[in-house]
$ cat protein.tsv   # TSV, C-alpha atoms
chain	number	residue	atom	x	y	z
P	28	MET	CA	-24.47	12.30	-3.36
P	29	HIS	CA	-21.70	9.72	-3.47
P	30	GLN	CA	-21.33	10.32	-7.18
P	31	ALA	CA	-20.99	14.06	-6.57
P	32	VAL	CA	-18.17	13.40	-4.11
P	33	ILE	CA	-16.43	11.11	-6.59
P	34	ASP	CA	-16.86	13.56	-9.45
P	35	LEU	CA	-15.27	16.32	-7.42
P	36	LEU	CA	-12.48	14.10	-6.08
P	37	SER	CA	-11.54	12.84	-9.52
P	38	GLY	CA	-12.04	16.11	-11.34
P	39	ALA	CA	-9.53	18.72	-12.36
P	40	GLU	CA	-6.67	19.24	-9.96
P	41	GLY	CA	-7.46	21.72	-7.25
P	42	ALA	CA	-11.23	21.36	-7.52
P	43	ALA	CA	-12.59	22.34	-4.14
P	44	LEU	CA	-14.00	19.48	-2.16
P	45	ASN	CA	-16.42	20.96	0.31
P	46	ILE	CA	-20.01	20.36	1.28
P	47	PRO	CA	-21.50	23.34	-0.57
P	48	ALA	CA	-19.75	22.25	-3.79
P	49	ILE	CA	-20.90	18.66	-3.36
P	50	ALA	CA	-24.46	19.72	-2.58
P	51	GLN	CA	-24.53	21.98	-5.61
P	52	ARG	CA	-23.31	19.20	-7.87
P	53	ALA	CA	-25.81	16.73	-6.42
P	54	GLU	CA	-28.54	19.39	-6.70
P	55	VAL	CA	-29.59	19.18	-3.10
P	56	ASN	CA	-29.66	21.75	-0.35
P	57	HIS	CA	-26.39	21.80	1.56
P	58	THR	CA	-28.17	21.96	4.91
P	59	SER	CA	-29.61	18.50	4.27
P	60	VAL	CA	-26.09	17.20	3.56
P	61	TYR	CA	-24.88	18.56	6.89
P	62	ARG	CA	-27.93	17.05	8.60
P	63	ARG	CA	-27.34	13.58	7.20
P	64	TRP	CA	-23.52	13.30	7.32
P	65	GLY	CA	-22.47	15.99	9.76
P	66	SER	CA	-19.06	16.61	8.23
P	67	LEU	CA	-17.14	16.43	5.00
P	68	ASP	CA	-14.90	13.67	6.43
P	69	ALA	CA	-17.90	11.52	7.30
P	70	LEU	CA	-19.39	11.97	3.83
P	71	VAL	CA	-16.09	11.10	2.13
P	72	ALA	CA	-15.66	8.06	4.37
P	73	ASP	CA	-19.19	6.88	3.63
P	74	THR	CA	-18.64	7.33	-0.10
P	75	VAL	CA	-15.37	5.44	-0.05
P	76	THR	CA	-16.72	2.55	1.97
P	77	THR	CA	-19.85	2.20	-0.16
P	78	ARG	CA	-17.90	2.32	-3.40
P	79	LEU	CA	-15.25	-0.14	-2.24
P	80	GLU	CA	-17.87	-2.66	-1.18
P	81	ARG	CA	-19.62	-2.28	-4.53
P	82	ASP	CA	-16.36	-2.66	-6.48
P	83	SER	CA	-15.20	-5.70	-4.54
P	84	PRO	CA	-17.92	-8.31	-4.62
P	85	LEU	CA	-16.70	-11.39	-2.79
P	86	ILE	CA	-17.30	-14.05	-5.38
P	87	ASP	CA	-16.71	-17.54	-4.00
P	88	THR	CA	-14.57	-19.07	-6.72
P	89	GLY	CA	-14.14	-22.32	-4.82
P	90	SER	CA	-10.51	-21.82	-3.82
P	91	LEU	CA	-8.38	-19.43	-1.81
P	92	ARG	CA	-6.23	-18.80	-4.84
P	93	GLY	CA	-9.21	-17.97	-7.03
P	94	ASP	CA	-10.80	-15.73	-4.43
P	95	LEU	CA	-7.58	-13.76	-3.87
P	96	LEU	CA	-7.04	-13.42	-7.59
P	97	ALA	CA	-10.59	-12.15	-8.20
P	98	TRP	CA	-10.21	-9.68	-5.33
P	99	ALA	CA	-6.85	-8.39	-6.55
P	100	GLU	CA	-8.04	-8.11	-10.15
P	101	ALA	CA	-11.05	-6.05	-9.05
P	102	GLY	CA	-8.82	-3.84	-6.90
P	103	VAL	CA	-6.26	-3.27	-9.65
P	104	ALA	CA	-9.03	-2.48	-12.15
P	105	SER	CA	-10.67	-0.06	-9.71
P	106	ASN	CA	-7.38	1.74	-9.03
P	107	ARG	CA	-6.87	2.19	-12.75
P	108	THR	CA	-9.97	4.39	-13.01
P	109	PRO	CA	-9.76	8.07	-12.01
P	110	GLU	CA	-12.74	7.49	-9.69
P	111	GLY	CA	-11.22	4.50	-7.96
P	112	LEU	CA	-7.87	6.20	-7.57
P	113	ALA	CA	-9.55	9.31	-6.22
P	114	LEU	CA	-11.18	7.20	-3.52
P	115	VAL	CA	-7.93	5.55	-2.51
P	116	ARG	CA	-6.31	8.96	-2.26
P	117	ALA	CA	-9.22	10.28	-0.27
P	118	VAL	CA	-8.73	7.49	2.27
P	119	ALA	CA	-5.00	8.22	2.54
P	120	MET	CA	-5.55	11.96	2.80
P	121	SER	CA	-8.35	11.73	5.33
P	122	MET	CA	-5.92	9.95	7.66
P	123	PRO	CA	-4.70	12.31	10.36
P	124	ILE	CA	-0.91	12.57	10.46
P	125	SER	CA	-0.61	11.42	14.06
P	126	GLY	CA	-2.30	10.80	17.37
P	127	ARG	CA	-5.44	8.99	18.43
P	128	ALA	CA	-7.46	10.39	15.52
P	129	ARG	CA	-5.06	8.62	13.18
P	130	ALA	CA	-5.60	5.27	14.85
P	131	GLU	CA	-9.38	5.70	14.72
P	132	ARG	CA	-9.43	6.75	11.11
P	133	SER	CA	-7.35	3.81	9.93
P	134	GLN	CA	-10.52	1.76	10.40
P	135	HIS	CA	-11.76	3.09	7.07
P	136	PHE	CA	-9.02	1.36	5.22
P	137	GLN	CA	-9.30	-1.72	7.36
P	138	ARG	CA	-12.90	-2.00	6.22
P	139	ARG	CA	-11.47	-3.00	2.89
P	140	MET	CA	-9.31	-5.59	4.57
P	141	HIS	CA	-12.41	-7.19	6.07
P	142	SER	CA	-13.02	-8.64	2.62
P	143	ILE	CA	-9.68	-10.35	2.94
P	144	GLU	CA	-10.64	-11.65	6.38
P	145	ARG	CA	-13.78	-13.17	4.85
P	146	ILE	CA	-11.74	-14.77	2.08
P	147	ARG	CA	-9.43	-16.22	4.73
P	148	GLU	CA	-12.34	-17.58	6.79
P	149	ARG	CA	-13.87	-19.20	3.73
P	150	ALA	CA	-10.52	-20.87	2.96
P	151	VAL	CA	-10.30	-22.26	6.49
P	152	THR	CA	-13.82	-23.67	6.12
P	153	ARG	CA	-12.69	-25.43	2.93
P	154	GLY	CA	-9.73	-26.93	4.77
P	155	GLU	CA	-7.20	-24.65	3.08
P	156	ASN	CA	-4.40	-22.97	5.01
P	157	PRO	CA	-4.45	-19.25	4.17
P	158	PRO	CA	-1.44	-17.00	4.84
P	159	PRO	CA	-1.68	-14.57	7.79
P	160	LEU	CA	-3.40	-11.24	7.13
P	161	GLU	CA	-0.10	-9.39	7.55
P	162	GLN	CA	1.45	-11.38	4.72
P	163	ILE	CA	-1.54	-10.84	2.48
P	164	PHE	CA	-1.31	-7.14	3.22
P	165	ASP	CA	2.42	-6.91	2.43
P	166	LEU	CA	2.58	-9.22	-0.58
P	167	LEU	CA	-0.78	-8.79	-2.29
P	168	ILE	CA	-2.33	-5.47	-1.29
P	169	ALA	CA	0.57	-3.07	-0.69
P	170	PRO	CA	2.26	-3.42	-4.10
P	171	PHE	CA	-0.69	-2.39	-6.22
P	172	TYR	CA	-1.99	0.28	-3.84
P	173	VAL	CA	1.35	2.03	-3.55
P	174	ARG	CA	1.81	1.89	-7.32
P	175	ALA	CA	-1.58	3.55	-7.74
P	176	LEU	CA	-0.79	6.25	-5.18
P	177	PHE	CA	2.62	7.12	-6.57
P	178	GLY	CA	1.73	6.73	-10.22
P	179	ILE	CA	4.18	3.87	-10.75
P	180	ASP	CA	3.23	1.63	-13.66
P	181	LEU	CA	2.13	-1.92	-12.98
P	182	PRO	CA	4.77	-4.26	-14.38
P	183	ALA	CA	2.56	-6.40	-16.65
P	184	THR	CA	-0.97	-7.42	-17.46
P	185	GLY	CA	-0.62	-10.55	-15.32
P	186	TYR	CA	0.32	-8.51	-12.28
P	187	PRO	CA	-2.51	-9.64	-9.94
P	188	ARG	CA	-1.60	-13.25	-10.73
P	189	LEU	CA	2.10	-12.58	-10.09
P	190	LEU	CA	1.22	-11.14	-6.67
P	191	VAL	CA	-1.03	-14.06	-5.75
P	192	ASP	CA	1.59	-16.56	-6.91
P	193	ARG	CA	4.23	-14.82	-4.83
P	194	LEU	CA	1.96	-14.74	-1.78
P	195	LEU	CA	1.08	-18.41	-2.03
P	196	GLY	CA	4.67	-19.43	-2.74
P	197	GLU	CA	3.81	-20.62	-6.21
P	198	GLY	CA	6.02	-18.24	-8.13
P	199	THR	CA	7.68	-20.97	-10.11
P	200	THR	CA	4.57	-22.98	-10.95
P	201	PRO	CA	2.81	-21.86	-14.12
P	202	ASP	CA	-0.91	-21.81	-13.63
P	203	THR	CA	-3.43	-22.13	-16.38
P	204	THR	CA	-6.71	-21.75	-14.52
I	8	MET	CA	11.82	27.57	2.97
I	9	HIS	CA	11.75	23.78	2.89
I	10	GLN	CA	11.15	23.75	6.62
I	11	ALA	CA	8.20	26.12	6.18
I	12	VAL	CA	6.65	23.75	3.65
I	13	ILE	CA	7.17	20.80	5.97
I	14	ASP	CA	5.77	22.68	8.95
I	15	LEU	CA	2.62	23.53	7.02
I	16	LEU	CA	2.25	20.05	5.52
I	17	SER	CA	2.58	18.35	8.89
I	18	GLY	CA	0.61	20.88	10.87
I	19	ALA	CA	-2.99	20.84	11.95
I	20	GLU	CA	-5.39	19.22	9.52
I	21	GLY	CA	-6.66	21.61	6.94
I	22	ALA	CA	-3.83	24.11	7.29
I	23	ALA	CA	-3.68	25.92	3.99
I	24	LEU	CA	-0.65	25.09	1.89
I	25	ASN	CA	-0.10	27.97	-0.45
I	26	ILE	CA	2.81	30.18	-1.37
I	27	PRO	CA	1.75	33.23	0.65
I	28	ALA	CA	1.39	31.05	3.78
I	29	ILE	CA	4.77	29.41	3.20
I	30	ALA	CA	6.46	32.75	2.53
I	31	GLN	CA	4.95	34.22	5.68
I	32	ARG	CA	6.16	31.30	7.77
I	33	ALA	CA	9.65	31.46	6.24
I	34	GLU	CA	9.62	35.24	6.72
I	35	VAL	CA	10.42	36.05	3.13
I	36	ASN	CA	8.54	38.02	0.50
I	37	HIS	CA	6.20	35.80	-1.46
I	38	THR	CA	7.25	37.37	-4.77
I	39	SER	CA	10.75	35.96	-4.27
I	40	VAL	CA	9.25	32.50	-3.70
I	41	TYR	CA	7.35	32.74	-6.98
I	42	ARG	CA	10.50	33.97	-8.71
I	43	ARG	CA	12.63	31.08	-7.50
I	44	TRP	CA	10.18	28.15	-7.69
I	45	GLY	CA	7.48	29.35	-10.04
I	46	SER	CA	4.70	27.26	-8.53
I	47	LEU	CA	3.56	25.58	-5.35
I	48	ASP	CA	3.97	22.15	-6.95
I	49	ALA	CA	7.58	22.86	-7.87
I	50	LEU	CA	8.35	24.07	-4.34
I	51	VAL	CA	6.73	21.01	-2.74
I	52	ALA	CA	8.57	18.70	-5.15
I	53	ASP	CA	11.88	20.40	-4.39
I	54	THR	CA	11.26	20.13	-0.65
I	55	VAL	CA	10.35	16.47	-0.84
I	56	THR	CA	13.33	15.54	-2.99
I	57	THR	CA	15.81	17.43	-0.82
I	58	ARG	CA	14.43	15.96	2.39
I	59	LEU	CA	14.34	12.41	1.06
I	60	GLU	CA	17.96	12.60	-0.07
I	61	ARG	CA	18.98	13.95	3.33
I	62	ASP	CA	17.02	11.27	5.19
I	63	SER	CA	18.38	8.43	3.08
I	64	PRO	CA	22.16	8.63	3.06
I	65	LEU	CA	23.49	5.75	1.04
I	66	ILE	CA	25.91	4.22	3.49
I	67	ASP	CA	27.99	1.47	1.92
I	68	THR	CA	27.69	-1.27	4.51
I	69	GLY	CA	29.71	-3.69	2.43
I	70	SER	CA	26.82	-5.93	1.38
I	71	LEU	CA	23.58	-5.73	-0.56
I	72	ARG	CA	21.71	-7.03	2.46
I	73	GLY	CA	23.22	-4.41	4.77
I	74	ASP	CA	22.60	-1.58	2.31
I	75	LEU	CA	18.95	-2.53	1.80
I	76	LEU	CA	18.42	-2.90	5.52
I	77	ALA	CA	19.96	0.52	6.27
I	78	TRP	CA	17.84	2.08	3.54
I	79	ALA	CA	14.62	0.47	4.75
I	80	GLU	CA	15.30	1.33	8.39
I	81	ALA	CA	15.87	4.98	7.46
I	82	GLY	CA	12.69	4.99	5.39
I	83	VAL	CA	10.58	3.39	8.11
I	84	ALA	CA	11.96	5.82	10.70
I	85	SER	CA	11.29	8.78	8.43
I	86	ASN	CA	7.70	7.68	7.77
I	87	ARG	CA	7.11	7.43	11.51
I	88	THR	CA	7.64	11.17	11.94
I	89	PRO	CA	4.83	13.60	11.13
I	90	GLU	CA	7.25	15.48	8.85
I	91	GLY	CA	8.32	12.40	6.94
I	92	LEU	CA	4.78	11.19	6.56
I	93	ALA	CA	3.65	14.62	5.41
I	94	LEU	CA	6.25	14.50	2.65
I	95	VAL	CA	5.17	11.05	1.47
I	96	ARG	CA	1.58	12.24	1.36
I	97	ALA	CA	2.59	15.37	-0.49
I	98	VAL	CA	4.20	13.23	-3.19
I	99	ALA	CA	1.10	11.04	-3.50
I	100	MET	CA	-1.23	14.04	-3.55
I	101	SER	CA	0.81	16.03	-6.03
I	102	MET	CA	0.39	13.16	-8.49
I	103	PRO	CA	-2.24	14.05	-11.10
I	104	ILE	CA	-5.05	11.49	-11.26
I	105	SER	CA	-4.52	10.68	-14.92
I	106	GLY	CA	-2.98	11.66	-18.20
I	107	ARG	CA	0.45	12.77	-19.31
I	108	ALA	CA	0.92	15.03	-16.28
I	109	ARG	CA	0.61	11.93	-14.10
I	110	ALA	CA	3.38	10.11	-15.96
I	111	GLU	CA	5.66	13.12	-15.72
I	112	ARG	CA	5.04	13.68	-12.05
I	113	SER	CA	5.75	10.09	-11.08
I	114	GLN	CA	9.41	11.01	-11.58
I	115	HIS	CA	9.38	12.63	-8.13
I	116	PHE	CA	8.78	9.35	-6.45
I	117	GLN	CA	11.16	7.57	-8.74
I	118	ARG	CA	13.89	9.92	-7.54
I	119	ARG	CA	13.70	8.03	-4.29
I	120	MET	CA	14.06	4.77	-6.16
I	121	HIS	CA	17.31	6.02	-7.67
I	122	SER	CA	18.85	5.30	-4.28
I	123	ILE	CA	17.78	1.72	-4.77
I	124	GLU	CA	19.31	1.72	-8.24
I	125	ARG	CA	22.62	2.87	-6.73
I	126	ILE	CA	22.41	0.12	-4.10
I	127	ARG	CA	21.82	-2.40	-6.88
I	128	GLU	CA	24.75	-1.11	-8.94
I	129	ARG	CA	27.06	-1.30	-5.94
I	130	ALA	CA	25.95	-4.90	-5.36
I	131	VAL	CA	26.72	-5.83	-8.97
I	132	THR	CA	30.19	-4.27	-8.60
I	133	ARG	CA	30.80	-6.46	-5.54
I	134	GLY	CA	29.77	-9.54	-7.54
I	135	GLU	CA	26.42	-9.88	-5.75
I	136	ASN	CA	23.23	-10.67	-7.65
I	137	PRO	CA	20.59	-8.12	-6.60
I	138	PRO	CA	16.88	-8.73	-7.24
I	139	PRO	CA	15.22	-6.73	-10.04
I	140	LEU	CA	14.01	-3.24	-9.14
I	141	GLU	CA	10.38	-4.34	-9.54
I	142	GLN	CA	10.83	-6.99	-6.87
I	143	ILE	CA	12.54	-4.56	-4.52
I	144	PHE	CA	9.68	-2.17	-5.06
I	145	ASP	CA	6.97	-4.74	-4.35
I	146	LEU	CA	8.59	-6.61	-1.48
I	147	LEU	CA	10.64	-3.97	0.34
I	148	ILE	CA	9.28	-0.52	-0.45
I	149	ALA	CA	5.53	-0.91	-0.99
I	150	PRO	CA	4.70	-2.58	2.36
I	151	PHE	CA	6.02	0.15	4.61
I	152	TYR	CA	4.93	3.04	2.40
I	153	VAL	CA	1.37	1.84	2.12
I	154	ARG	CA	1.23	1.23	5.88
I	155	ALA	CA	2.38	4.80	6.45
I	156	LEU	CA	-0.18	6.21	4.02
I	157	PHE	CA	-3.14	4.27	5.39
I	158	GLY	CA	-2.14	4.43	9.03
I	159	ILE	CA	-1.74	0.65	9.35
I	160	ASP	CA	0.58	-0.37	12.15
I	161	LEU	CA	3.90	-1.95	11.31
I	162	PRO	CA	3.81	-5.55	12.55
I	163	ALA	CA	6.95	-5.53	14.74
I	164	THR	CA	10.17	-3.69	15.54
I	165	GLY	CA	12.12	-5.99	13.24
I	166	TYR	CA	9.90	-5.12	10.29
I	167	PRO	CA	12.62	-3.72	7.96
I	168	ARG	CA	14.63	-6.89	8.53
I	169	LEU	CA	11.59	-9.09	7.84
I	170	LEU	CA	11.07	-7.28	4.53
I	171	VAL	CA	14.72	-7.60	3.51
I	172	ASP	CA	14.76	-11.29	4.47
I	173	ARG	CA	11.63	-11.89	2.42
I	174	LEU	CA	13.05	-10.02	-0.58
I	175	LEU	CA	16.33	-11.91	-0.49
I	176	GLY	CA	14.62	-15.25	0.08
I	177	GLU	CA	16.17	-15.65	3.51
I	178	GLY	CA	13.00	-15.70	5.52
I	179	THR	CA	13.88	-18.87	7.36
I	180	THR	CA	17.49	-18.01	8.16
I	181	PRO	CA	17.95	-16.14	11.43
I	182	ASP	CA	20.47	-13.35	11.03
I	183	THR	CA	22.54	-11.86	13.82
I	184	THR	CA	24.47	-9.13	12.02

$ encode --input "protein.tsv" --output "structure tokens"
Amino acid sequence: MHQAVIDLLSGAEGAALNIPAIAQRAEVNHTSVYRRWGSLDALVADTVTTRLERDSPLIDTGSLRGDLLAWAEAGVASNRTPEGLALVRAVAMSMPISGRARAERSQHFQRRMHSIERIRERAVTRGENPPPLEQIFDLLIAPFYVRALFGIDLPATGYPRLLVDRLLGEGTTPDTT
Amino acid sequence: MHQAVIDLLSGAEGAALNIPAIAQRAEVNHTSVYRRWGSLDALVADTVTTRLERDSPLIDTGSLRGDLLAWAEAGVASNRTPEGLALVRAVAMSMPISGRARAERSQHFQRRMHSIERIRERAVTRGENPPPLEQIFDLLIAPFYVRALFGIDLPATGYPRLLVDRLLGEGTTPDTT
């Protein structure tokens, strides 16, 4: 079912994303889709969350720097695929424009940031001093997500490393790990 | 016509955005809309570009720092409105997922970055040394755009200033301009 959602999201422009179309593609009866997920939004949200967790395993590399780099590299690689990009767009588009519904829905994206919270906690346990979440969001996450959404090229193959270096204030120190 | 597009984009979730609906709202004949713009994509792109240019007047404040701050404050304020946010989303959504069409379409967003190019050129003329466009994109633009798209709160009222300070490497210097 998740794959059917992703196929439709990342398919030709203008492909209709609706429960009957998803059910047809997944070869199940659409009434059972409604029974399990209740709404298209809930199904999309479930798909996105499941896929993001699968694409972002939290490998403990032994250092904050290594963990952030592994996370960013996985995220950049995921956003480069039509499927991954379709999911990111689905999250952005499922966000109501305003009001209380918007605040509630932003939790979907924040689910992804929970990985970052776990990376931060692990660093604290090691005795490292991780940057605040807000800084990680601005300096590490925002640049590659907004480039994916607006179709702006990533500057270079070492881009995740550049972002991590900038975040950790190590921009001038070459790193050979 | 532009206002009709914006009204529909920022209206209730799921409102249909199509040329007949836009024409009806603007109280014109839909055949004249097709004649002038040719396609829905072209009309949305034209609306977005026109509105962004209007919302981002390039005031010459006399310094690179002042110009960037004015630009970022206008952008943050615009993204806080349902109309402004709807336009940003429309740009992201009109971007094909992959292929040559994606590369071509990314020009729409880059139109907005031309303002930044003009700010940079003005700084060079004054004898200032502006950061590269890539850095401005990552450190100033990406954080507030991605927050708008994913419904993540901005950290504080002085957020545009924080971003400009960070970009210009003045994070530790209080500024009272």

$ interface_residues --input "protein.tsv" --of "chain P" --to "chain I" --cutoff "10 Å" --atoms "all atoms listed in the file" --output "VMD selection string"
chain P and resid 36 to 40 107 to 113 115 to 126 129 to 137 161 to 162 164 to 182 190 193

$ write_last_selection --input "protein.tsv" --atoms "C-alpha atoms" --output "PDB file, in the coordinates of the input"
ATOM      1  CA  LEU P  36     -12.480  14.100  -6.080  1.00  0.00           C
ATOM      2  CA  SER P  37     -11.540  12.840  -9.520  1.00  0.00           C
ATOM      3  CA  GLY P  38     -12.040  16.110 -11.340  1.00  0.00           C
ATOM      4  CA  ALA P  39      -9.530  18.720 -12.360  1.00  0.00           C
ATOM      5  CA  GLU P  40      -6.670  19.240  -9.960  1.00  0.00           C
ATOM      6  CA  ARG P 107      -6.870   2.190 -12.750  1.00  0.00           C
ATOM      7  CA  THR P 108      -9.970   4.390 -13.010  1.00  0.00           C
ATOM      8  CA  PRO P 109      -9.760   8.070 -12.010  1.00  0.00           C
ATOM      9  CA  GLU P 110     -12.740   7.490  -9.690  1.00  0.00           C
ATOM     10  CA  GLY P 111     -11.220   4.500  -7.960  1.00  0.00           C
ATOM     11  CA  LEU P 112      -7.870   6.200  -7.570  1.00  0.00           C
ATOM     12  CA  ALA P 113      -9.550   9.310  -6.220  1.00  0.00           C
ATOM     13  CA  VAL P 115      -7.930   5.550  -2.510  1.00  0.00           C
ATOM     14  CA  ARG P 116      -6.310   8.960  -2.260  1.00  0.00           C
ATOM     15  CA  ALA P 117      -9.220  10.280  -0.270  1.00  0.00           C
ATOM     16  CA  VAL P 118      -8.730   7.490   2.270  1.00  0.00           C
ATOM     17  CA  ALA P 119      -5.000   8.220   2.540  1.00  0.00           C
ATOM     18  CA  MET P 120      -5.550  11.960   2.800  1.00  0.00           C
ATOM     19  CA  SER P 121      -8.350  11.730   5.330  1.00  0.00           C
ATOM     20  CA  MET P 122      -5.920   9.950   7.660  1.00  0.00           C
ATOM     21  CA  PRO P 123      -4.700  12.310  10.360  1.00  0.00           C
ATOM     22  CA  ILE P 124      -0.910  12.570  10.460  1.00  0.00           C
ATOM     23  CA  SER P 125      -0.610  11.420  14.060  1.00  0.00           C
ATOM     24  CA  GLY P 126      -2.300  10.800  17.370  1.00  0.00           C
ATOM     25  CA  ARG P 129      -5.060   8.620  13.180  1.00  0.00           C
ATOM     26  CA  ALA P 130      -5.600   5.270  14.850  1.00  0.00           C
ATOM     27  CA  GLU P 131      -9.380   5.700  14.720  1.00  0.00           C
ATOM     28  CA  ARG P 132      -9.430   6.750  11.110  1.00  0.00           C
ATOM     29  CA  SER P 133      -7.350   3.810   9.930  1.00  0.00           C
ATOM     30  CA  GLN P 134     -10.520   1.760  10.400  1.00  0.00           C
ATOM     31  CA  HIS P 135     -11.760   3.090   7.070  1.00  0.00           C
ATOM     32  CA  PHE P 136      -9.020   1.360   5.220  1.00  0.00           C
ATOM     33  CA  GLN P 137      -9.300  -1.720   7.360  1.00  0.00           C
ATOM     34  CA  GLU P 161      -0.100  -9.390   7.550  1.00  0.00           C
ATOM     35  CA  GLN P 162       1.450 -11.380   4.720  1.00  0.00           C
ATOM     36  CA  PHE P 164      -1.310  -7.140   3.220  1.00  0.00           C
ATOM     37  CA  ASP P 165       2.420  -6.910   2.430  1.00  0.00           C
ATOM     38  CA  LEU P 166       2.580  -9.220  -0.580  1.00  0.00           C
ATOM     39  CA  LEU P 167      -0.780  -8.790  -2.290  1.00  0.00           C
ATOM     40  CA  ILE P 168      -2.330  -5.470  -1.290  1.00  0.00           C
ATOM     41  CA  ALA P 169       0.570  -3.070  -0.690  1.00  0.00           C
ATOM     42  CA  PRO P 170       2.260  -3.420  -4.100  1.00  0.00           C
ATOM     43  CA  PHE P 171      -0.690  -2.390  -6.220  1.00  0.00           C
ATOM     44  CA  TYR P 172      -1.990   0.280  -3.840  1.00  0.00           C
ATOM     45  CA  VAL P 173       1.350   2.030  -3.550  1.00  0.00           C
ATOM     46  CA  ARG P 174       1.810   1.890  -7.320  1.00  0.00           C
ATOM     47  CA  ALA P 175      -1.580   3.550  -7.740  1.00  0.00           C
ATOM     48  CA  LEU P 176      -0.790   6.250  -5.180  1.00  0.00           C
ATOM     49  CA  PHE P 177       2.620   7.120  -6.570  1.00  0.00           C
ATOM     50  CA  GLY P 178       1.730   6.730 -10.220  1.00  0.00           C
ATOM     51  CA  ILE P 179       4.180   3.870 -10.750  1.00  0.00           C
ATOM     52  CA  ASP P 180       3.230   1.630 -13.660  1.00  0.00           C
ATOM     53  CA  LEU P 181       2.130  -1.920 -12.980  1.00  0.00           C
ATOM     54  CA  PRO P 182       4.770  -4.260 -14.380  1.00  0.00           C
ATOM     55  CA  LEU P 190       1.220 -11.140  -6.670  1.00  0.00           C
ATOM     56  CA  ARG P 193       4.230 -14.820  -4.830  1.00  0.00           C
TER      57      ARG P 193
END

$ axis_aligned_box --input "protein.tsv" --around "region 172-181 of chain P" --padding-each-side "5 Å" --output "JSON"
{"center_x": 1.1, "center_y": 2.6, "center_z": -8.6, "size_x": 16.2, "size_y": 19.0, "size_z": 20.1}

$ atom_distance --input "protein.tsv" --atom1 "CA of Arg188 (chain P)" --atom2 "CA of Ala79 (chain I)"
26.3 Å

$ residues_around --input "protein.tsv" --residues "Ile126 (chain I)" --least-positions-apart "3" --cutoff "8 Å" --atoms "only C-alpha atoms" --output "ChimeraX atom specification"
/I:65,71,74-75,122-123,129-130

$ residues_around --input "protein.tsv" --residues "Gln10 (chain I)" --least-positions-apart "3" --cutoff "9 Å" --atoms "all atoms listed in the file" --output "VMD selection string"
chain I and resid 13 to 15 33 54

$ atom_distance --input "protein.tsv" --atom1 "CA of Tyr61 (chain P)" --atom2 "CA of Leu24 (chain I)"
25.6 Å

$ residues_around --input "protein.tsv" --residues "Ala97 (chain P)" --least-positions-apart "4" --cutoff "8 Å" --atoms "all atoms listed in the file" --output "JSON, numbers by chain"
{"P": [86, 93, 101]}

$ atom_distance --input "protein.tsv" --atom1 "CA of Val40 (chain I)" --atom2 "CA of Thr56 (chain I)"
17.5 Å
